[in-house]
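Source file my_file.tsv; content: TSV, C-alpha atoms.
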chain	number	residue	atom	x	y	z
E	1	MET	CA	26.11	12.14	-24.35
E	2	THR	CA	22.39	11.87	-23.83
E	3	ASP	CA	20.21	14.90	-24.27
E	4	ALA	CA	18.21	16.16	-21.32
E	5	PRO	CA	14.61	15.35	-22.38
E	6	GLN	CA	15.52	11.77	-23.02
E	7	SER	CA	17.10	11.20	-19.63
E	8	VAL	CA	14.13	12.78	-17.84
E	9	GLU	CA	11.88	10.49	-19.87
E	10	PHE	CA	13.94	7.48	-19.00
E	11	SER	CA	13.92	8.10	-15.28
E	12	PHE	CA	10.17	8.79	-15.33
E	13	LYS	CA	9.48	5.37	-16.78
E	14	ARG	CA	12.08	3.74	-14.56
E	15	GLU	CA	10.60	5.32	-11.44
E	16	MET	CA	7.14	4.22	-12.48
E	17	LEU	CA	8.39	0.68	-12.89
E	18	ALA	CA	10.08	0.78	-9.50
E	19	THR	CA	6.84	1.88	-7.85
E	20	LEU	CA	4.65	-0.72	-9.58
E	21	PRO	CA	4.84	-3.51	-6.97
E	22	SER	CA	3.85	-1.18	-4.15
E	23	LEU	CA	1.25	0.62	-6.26
E	24	ARG	CA	-0.32	-2.70	-7.13
E	25	ALA	CA	-0.35	-3.81	-3.50
E	26	PHE	CA	-2.15	-0.58	-2.61
E	27	GLY	CA	-4.62	-1.25	-5.43
E	28	VAL	CA	-5.29	-4.78	-4.17
E	29	SER	CA	-5.79	-3.37	-0.67
E	30	LEU	CA	-8.36	-0.86	-1.93
E	31	CYS	CA	-10.19	-3.06	-4.45
E	32	GLY	CA	-10.12	-6.28	-2.49
E	33	ASN	CA	-9.16	-8.43	-5.46
E	34	ARG	CA	-6.40	-8.61	-8.00
E	35	SER	CA	-8.49	-8.47	-11.12
E	36	ASN	CA	-10.09	-5.10	-10.29
E	37	ALA	CA	-6.81	-3.88	-8.85
E	38	ASP	CA	-4.93	-4.65	-12.04
E	39	ASP	CA	-7.51	-2.75	-14.09
E	40	LEU	CA	-7.17	0.14	-11.67
E	41	VAL	CA	-3.37	0.10	-11.88
E	42	GLN	CA	-3.58	0.07	-15.66
E	43	ASP	CA	-5.91	3.09	-15.66
E	44	THR	CA	-3.58	4.79	-13.19
E	45	LEU	CA	-0.53	4.27	-15.40
E	46	MET	CA	-2.35	5.72	-18.40
E	47	LYS	CA	-3.60	8.71	-16.40
E	48	ALA	CA	-0.13	9.29	-14.98
E	49	TRP	CA	1.48	9.10	-18.38
E	50	ALA	CA	-1.03	11.51	-19.88
E	51	LYS	CA	-0.33	14.11	-17.19
E	52	LYS	CA	3.31	13.47	-16.62
E	53	GLU	CA	4.14	17.08	-17.40
E	54	SER	CA	2.48	17.92	-14.09
E	55	PHE	CA	4.96	15.75	-12.22
E	56	THR	CA	7.90	17.68	-10.81
E	57	PRO	CA	11.09	15.66	-11.25
E	58	GLY	CA	12.82	15.05	-7.97
E	59	THR	CA	9.58	15.01	-5.97
E	60	ASN	CA	7.94	11.91	-4.58
E	61	MET	CA	6.85	9.84	-7.59
E	62	LYS	CA	5.41	7.15	-5.33
E	63	ALA	CA	3.11	9.60	-3.53
E	64	TRP	CA	2.12	11.12	-6.88
E	65	LEU	CA	1.15	7.75	-8.35
E	66	PHE	CA	-0.66	6.65	-5.18
E	67	THR	CA	-2.70	9.87	-5.29
E	68	ILE	CA	-3.71	9.21	-8.89
E	69	LEU	CA	-4.65	5.61	-8.12
E	70	ARG	CA	-6.60	6.60	-5.02
E	71	ASN	CA	-8.56	9.31	-6.85
E	72	GLU	CA	-9.21	6.98	-9.76
E	73	PHE	CA	-10.53	4.32	-7.36
E	74	TYR	CA	-13.09	6.67	-5.81
E	75	SER	CA	-14.06	8.17	-9.14
E	76	GLN	CA	-14.73	4.69	-10.55
E	77	MET	CA	-16.71	3.76	-7.44
E	78	ARG	CA	-18.86	6.84	-7.90
E	79	LYS	CA	-19.41	6.02	-11.55
E	80	ARG	CA	-20.60	2.57	-10.61
E	81	GLY	CA	-23.09	4.16	-8.26
E	82	ARG	CA	-21.73	2.51	-5.19
E	83	GLU	CA	-21.50	4.24	-1.84
E	84	VAL	CA	-18.14	5.90	-1.43
E	85	GLN	CA	-18.34	5.89	2.32
E	86	ASP	CA	-19.16	2.37	3.42
E	87	VAL	CA	-19.42	3.37	7.05
E	88	ASP	CA	-20.85	0.12	8.37
E	89	GLY	CA	-18.68	-2.06	6.23
E	90	VAL	CA	-21.82	-3.78	4.95
E	91	PHE	CA	-20.88	-3.51	1.31
E	92	SER	CA	-17.35	-4.70	1.58
E	93	GLY	CA	-18.49	-7.42	3.96
E	94	GLN	CA	-20.77	-8.77	1.24
E	95	LEU	CA	-18.13	-8.36	-1.42
E	96	ALA	CA	-15.60	-10.24	0.63
E	97	THR	CA	-17.48	-13.52	0.56
E	98	HIS	CA	-15.08	-15.05	-1.92
E	99	PRO	CA	-11.59	-14.40	-0.66
E	100	GLU	CA	-8.88	-15.21	-3.14
E	101	GLN	CA	-6.79	-18.22	-2.35
E	102	TYR	CA	-3.48	-16.49	-1.85
E	103	GLY	CA	-1.15	-16.90	1.08
E	104	SER	CA	-1.59	-18.76	4.34
E	105	MET	CA	-4.84	-19.12	6.26
E	106	ASP	CA	-3.53	-16.47	8.62
E	107	MET	CA	-3.10	-14.09	5.71
E	108	GLN	CA	-6.47	-14.92	4.19
E	109	ASP	CA	-8.19	-14.23	7.51
E	110	PHE	CA	-6.40	-10.92	7.68
E	111	LYS	CA	-7.43	-10.01	4.12
E	112	VAL	CA	-11.09	-10.78	4.84
E	113	ALA	CA	-10.94	-8.54	7.91
E	114	LEU	CA	-9.18	-5.76	6.00
E	115	ASP	CA	-11.84	-5.88	3.27
E	116	LYS	CA	-14.54	-5.38	5.88
E	117	LEU	CA	-13.16	-2.00	6.90
E	118	PRO	CA	-14.74	1.15	5.47
E	119	SER	CA	-12.58	2.18	2.52
E	120	ASP	CA	-11.34	5.40	4.15
E	121	GLN	CA	-10.00	3.47	7.14
E	122	ARG	CA	-8.53	0.72	4.98
E	123	GLU	CA	-6.78	3.29	2.83
E	124	ALA	CA	-5.36	5.10	5.86
E	125	ILE	CA	-3.98	2.06	7.67
E	126	VAL	CA	-2.45	0.66	4.48
E	127	LEU	CA	-0.75	3.93	3.52
E	128	VAL	CA	0.73	4.44	6.98
E	129	GLY	CA	1.18	0.87	8.17
E	130	ALA	CA	2.34	-0.85	4.98
E	131	SER	CA	3.14	1.52	2.10
E	132	GLY	CA	5.63	3.41	4.23
E	133	PHE	CA	4.10	6.90	4.12
E	134	SER	CA	4.16	9.36	6.98
E	135	TYR	CA	0.87	10.64	8.39
E	136	GLU	CA	1.53	13.91	6.55
E	137	GLU	CA	2.10	12.18	3.22
E	138	ALA	CA	-0.94	9.95	3.71
E	139	ALA	CA	-3.06	13.03	4.47
E	140	GLU	CA	-1.90	14.62	1.24
E	141	ILE	CA	-2.62	11.49	-0.78
E	142	SER	CA	-6.09	11.15	0.75
E	143	GLY	CA	-6.82	14.86	0.52
E	144	CYS	CA	-7.65	15.31	4.19
E	145	ALA	CA	-6.19	16.65	7.44
E	146	VAL	CA	-3.40	14.84	9.28
E	147	GLY	CA	-5.69	14.48	12.31
E	148	THR	CA	-8.28	12.76	10.14
E	149	ILE	CA	-5.71	10.23	8.94
E	150	LYS	CA	-4.60	9.58	12.51
E	151	SER	CA	-8.10	8.92	13.68
E	152	ARG	CA	-8.86	6.69	10.69
E	153	VAL	CA	-5.73	4.65	11.37
E	154	SER	CA	-6.59	4.20	15.01
E	155	ARG	CA	-10.19	3.25	14.23
E	156	ALA	CA	-8.91	0.79	11.64
E	157	ARG	CA	-6.59	-0.78	14.22
E	158	VAL	CA	-9.38	-1.21	16.75
E	159	ALA	CA	-11.71	-2.65	14.11
E	160	LEU	CA	-9.07	-5.13	12.88
E	161	GLN	CA	-8.28	-6.22	16.43
E	162	GLU	CA	-11.96	-6.88	17.04
E	163	LEU	CA	-12.53	-8.64	13.71
E	164	LEU	CA	-9.47	-10.82	14.17
E	165	GLU	CA	-10.01	-11.25	17.90
E	166	VAL	CA	-6.45	-10.28	18.58
E	167	SER	CA	-6.00	-9.65	22.26
E	168	GLY	CA	-2.86	-8.96	24.19
E	169	HIS	CA	-2.77	-12.00	26.46
E	170	SER	CA	-4.76	-14.98	25.20
E	171	ASP	CA	-4.55	-15.61	21.49
E	172	TYR	CA	-5.87	-19.07	20.79
E	173	GLY	CA	-4.06	-19.65	17.52
E	174	PRO	CA	-1.27	-22.04	16.63
E	175	ASP	CA	1.06	-19.60	18.35
E	176	ALA	CA	-0.74	-19.73	21.68
E	177	SER	CA	1.66	-22.23	23.26
E	178	SER	CA	4.77	-20.41	22.14
E	179	ALA	CA	3.29	-17.12	23.32
E	180	VAL	CA	2.75	-18.64	26.76
E	181	ALA	CA	6.29	-19.96	26.79
E	182	THR	CA	7.60	-16.53	25.83
E	183	SER	CA	5.67	-14.68	28.49
E	184	LYS	CA	6.87	-17.20	31.09
E	185	ALA	CA	10.41	-16.58	29.97
E	186	PHE	CA	9.86	-12.87	30.37
E	187	THR	CA	8.47	-13.06	33.88
E	188	ALA	CA	11.08	-15.60	35.03
O	1	MET	CA	25.68	-3.90	23.10
O	2	ILE	CA	24.12	-3.01	26.41
O	3	THR	CA	24.71	0.66	25.69
O	4	ILE	CA	22.98	0.38	22.33
O	5	ARG	CA	19.96	-1.27	23.92
O	6	ARG	CA	19.71	1.42	26.56
O	7	GLN	CA	19.84	4.15	23.96
O	8	THR	CA	17.16	2.48	21.90
O	9	PHE	CA	14.87	2.17	24.88
O	10	ALA	CA	15.52	5.68	26.04
O	11	MET	CA	14.37	7.08	22.71
O	12	THR	CA	11.11	5.19	22.55
O	13	GLY	CA	7.90	5.12	24.53
O	14	PHE	CA	6.54	2.14	26.43
O	15	ASN	CA	4.42	0.81	23.56
O	16	GLU	CA	7.34	0.92	21.18
O	17	GLN	CA	9.49	-0.88	23.72
O	18	VAL	CA	6.96	-3.69	23.99
O	19	ALA	CA	6.59	-3.82	20.21
O	20	LEU	CA	10.36	-4.19	19.84
O	21	MET	CA	10.44	-7.27	22.03
O	22	PRO	CA	10.55	-10.34	19.83
O	23	ASN	CA	7.64	-12.76	20.21
O	24	ARG	CA	5.95	-10.50	22.68
O	25	LYS	CA	2.65	-9.78	21.00
O	26	THR	CA	0.74	-6.65	21.71
O	27	PRO	CA	-2.48	-6.35	19.70
O	28	GLU	CA	-0.99	-3.33	17.91
O	29	ALA	CA	2.19	-5.16	16.95
O	30	GLU	CA	0.22	-8.19	15.85
O	31	ILE	CA	-2.02	-6.15	13.52
O	32	SER	CA	1.01	-4.30	12.13
O	33	ARG	CA	2.84	-7.54	11.49
O	34	ARG	CA	-0.09	-9.13	9.67
O	35	LEU	CA	-0.79	-6.00	7.61
O	36	LYS	CA	2.83	-5.78	6.51
O	37	SER	CA	3.06	-9.45	5.70
O	38	PHE	CA	-0.11	-9.25	3.56
O	39	TYR	CA	1.13	-6.17	1.72
O	40	GLU	CA	4.61	-7.56	1.19
O	41	SER	CA	3.23	-10.80	-0.19
O	42	VAL	CA	1.34	-8.85	-2.89
O	43	GLN	CA	4.39	-6.70	-3.58
O	44	GLU	CA	6.48	-9.79	-4.15
O	45	GLU	CA	4.11	-11.18	-6.78
O	46	GLN	CA	5.34	-10.90	-10.31
O	47	ILE	CA	4.26	-7.72	-12.06
O	48	PRO	CA	1.75	-8.64	-14.78
O	49	ASP	CA	3.33	-8.36	-18.24
O	50	LYS	CA	0.52	-6.13	-19.43
O	51	PHE	CA	1.84	-3.26	-17.31
O	52	LEU	CA	5.30	-3.51	-18.75
O	53	ASP	CA	3.84	-3.80	-22.25
O	54	LEU	CA	1.65	-0.77	-21.61
O	55	LEU	CA	4.57	1.39	-20.53
O	56	GLU	CA	6.55	0.32	-23.57
O	57	GLN	CA	3.60	1.15	-25.83
O	58	LEU	CA	3.05	4.56	-24.25
O	59	ASP	CA	6.72	5.28	-24.59
O	60	ALA	CA	6.85	4.17	-28.22
O	61	ALA	CA	3.67	6.04	-29.17
O	62	GLU	CA	5.00	9.20	-27.64
O	63	GLU	CA	8.35	8.91	-29.30
O	64	ALA	CA	6.67	8.41	-32.66
O	65	SER	CA	4.43	11.44	-32.22
O	66	SER	CA	7.23	13.69	-30.99
O	67	ARG	CA	9.30	12.70	-34.01
O	68	LYS	CA	6.40	13.64	-36.22
O	69	SER	CA	5.97	17.04	-34.63
O	70	GLN	CA	9.59	17.95	-34.12
O	71	GLY	CA	11.09	16.20	-37.10
O	72	VAL	CA	13.57	13.41	-36.70
O	73	ARG	CA	16.28	14.41	-34.30
O	74	GLU	CA	19.72	13.01	-34.51
O	75	ASN	CA	19.62	9.79	-32.61
O	76	ASN	CA	22.55	9.00	-30.44
O	77	HIS	CA	23.95	5.53	-30.17
O	78	ASP	CA	24.50	3.97	-26.78

Structure encoded using structure tokens:
Amino acid sequence: MTDAPQSVEFSFKREMLATLPSLRAFGVSLCGNRSNADDLVQDTLMKAWAKKESFTPGTNMKAWLFTILRNEFYSQMRKRGREVQDVDGVFSGQLATHPEQYGSMDMQDFKVALDKLPSDQREAIVLVGASGFSYEEAAEISGCAVGTIKSRVSRARVALQELLEVSGHSDYGPDASSAVATSKAFTA
Amino acid sequence: MITIRRQTFAMTGFNEQVALMPNRKTPEAEISRRLKSFYESVQEEQIPDKFLDLLEQLDAAEEASSRKSQGVRENNHD
């Protein structure tokens, strides 16, 4: 028979471990590179461990950890004296001049575009579109209203479409010919 | 099968219907697909050992300090 404190402890660590891949992906999305993201994840894990008494077992550990990471990211940005709100994307545009060589060209292009978004929009579209959070959960993580998250997500979508020149009908990529074939098949 | 398709379409709006069609790219679906594939590729990378080491260290440090403060409790064997 295991005593209660030990089993709570065990599941806390186990849940943290289970969330790590997604937490790290969120960190890479926010920071733009793996090296800063890994430092941020490490700080997040230490913060989370130190305040684990404030975590209510049975509630959403993933959302709790994402909130800590997100707050830590902005607090570190402030400490470094950088603008928190990079409205014009100028900063991140400059920082994104050396994309990491991960994934396909298609993915690298996408990453460069994502890094050009203002951080509030990037955060919103990643939380809702990739991390699997609802608008309500994302609003809680980001500490803002649901409507704010919705508008950030839609602005992020428009910005990414423009940056990546994704249009509904004519996409001149390697897929252009197959897209034409598909649309023909649909109209036939 | 036809019934299932009809139900699916009945429950969703036009944009969702278009997004569900394979190979039919709307700008929205294309952005979603690329975002997910980027995120998933990072998720699938191996977790750096330092995170696992860190959690083990935190765990061990805490166990040691709680033993100090509470006295050694009877340890159970698995």

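Note that CA of Gln43 in chain O and CA of Phe55 in chain E are 24.1 Å apart.
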
Within 12 Å of Arg34 in chain E, counting all atoms listed in the file, which residues show up once you throw out same-chain ones fewer than 3 positions away? Write them as a PyMOL selection string, please. (chain E and resi 24-31+37-42+99-102) or (chain O and resi 42-43+45+47-48)

Kindly determine which residues of chain E lie within 6 Å of chain O, considering all atoms listed in the file, and give the answer as a list in words. Pro21, Ser22, Ala25, Ala130, Val166, Ser167 and Gly168 of chain E

Box time for range 72-77 of chain E: axis-aligned, enclosing all its listed atoms, 4 Å extra on each side; report centre and edge lengths in Å to one decimal, as JSON.
{"center_x": -13.0, "center_y": 6.0, "center_z": -8.2, "size_x": 15.5, "size_y": 12.4, "size_z": 12.7}

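When all atoms listed in the file are used to measure the gap to Asn33 in chain E, the shortest distance among E:Ala139, E:Glu53, E:Asp115, E:Asp120 belongs to E:Asp115.
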
Rounded to one decimal, what separation in Å do you get between CA of Asp106 in chain E and CA of Leu69 in chain E? 27.7 Å

Take range 108-127 of chain E, bring it up to N, CA and C atoms, and give me the output as a CSV table (one decimal), in the frame of the given file.
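rebuild_38.csv, written as the output of this step:
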chain,number,residue,atom,x,y,z
E,108,GLN,N,-5.1,-15.0,4.8
E,108,GLN,CA,-6.5,-14.9,4.2
E,108,GLN,C,-7.5,-14.3,5.2
E,109,ASP,N,-7.3,-14.8,6.4
E,109,ASP,CA,-8.2,-14.2,7.5
E,109,ASP,C,-8.0,-12.7,7.6
E,110,PHE,N,-6.7,-12.3,7.5
E,110,PHE,CA,-6.4,-10.9,7.7
E,110,PHE,C,-7.0,-10.1,6.5
E,111,LYS,N,-6.9,-10.7,5.3
E,111,LYS,CA,-7.4,-10.0,4.1
E,111,LYS,C,-8.9,-9.8,4.2
E,112,VAL,N,-9.6,-10.9,4.7
E,112,VAL,CA,-11.1,-10.8,4.8
E,112,VAL,C,-11.4,-9.7,5.8
E,113,ALA,N,-10.7,-9.6,6.9
E,113,ALA,CA,-10.9,-8.5,7.9
E,113,ALA,C,-10.7,-7.2,7.3
E,114,LEU,N,-9.6,-7.0,6.6
E,114,LEU,CA,-9.2,-5.8,6.0
E,114,LEU,C,-10.3,-5.3,5.0
E,115,ASP,N,-10.8,-6.2,4.2
E,115,ASP,CA,-11.8,-5.9,3.3
E,115,ASP,C,-13.1,-5.4,3.9
E,116,LYS,N,-13.3,-5.8,5.2
E,116,LYS,CA,-14.5,-5.4,5.9
E,116,LYS,C,-14.5,-3.9,6.4
E,117,LEU,N,-13.3,-3.4,6.4
E,117,LEU,CA,-13.2,-2.0,6.9
E,117,LEU,C,-13.8,-1.0,5.9
E,118,PRO,N,-14.3,0.1,6.4
E,118,PRO,CA,-14.7,1.2,5.5
E,118,PRO,C,-13.5,1.6,4.7
E,119,SER,N,-13.7,2.0,3.4
E,119,SER,CA,-12.6,2.2,2.5
E,119,SER,C,-11.7,3.3,3.0
E,120,ASP,N,-12.2,4.3,3.7
E,120,ASP,CA,-11.3,5.4,4.2
E,120,ASP,C,-10.4,4.9,5.2
E,121,GLN,N,-10.9,4.0,6.1
E,121,GLN,CA,-10.0,3.5,7.1
E,121,GLN,C,-9.0,2.5,6.6
E,122,ARG,N,-9.4,1.7,5.6
E,122,ARG,CA,-8.5,0.7,5.0
E,122,ARG,C,-7.4,1.5,4.3
E,123,GLU,N,-7.8,2.5,3.5
E,123,GLU,CA,-6.8,3.3,2.8
E,123,GLU,C,-5.8,3.9,3.8
E,124,ALA,N,-6.3,4.4,4.9
E,124,ALA,CA,-5.4,5.1,5.9
E,124,ALA,C,-4.4,4.1,6.5
E,125,ILE,N,-4.9,3.0,7.0
E,125,ILE,CA,-4.0,2.1,7.7
E,125,ILE,C,-3.0,1.4,6.7
E,126,VAL,N,-3.4,1.2,5.5
E,126,VAL,CA,-2.4,0.7,4.5
E,126,VAL,C,-1.3,1.7,4.1
E,127,LEU,N,-1.7,2.9,3.9
E,127,LEU,CA,-0.8,3.9,3.5
E,127,LEU,C,0.3,4.1,4.6
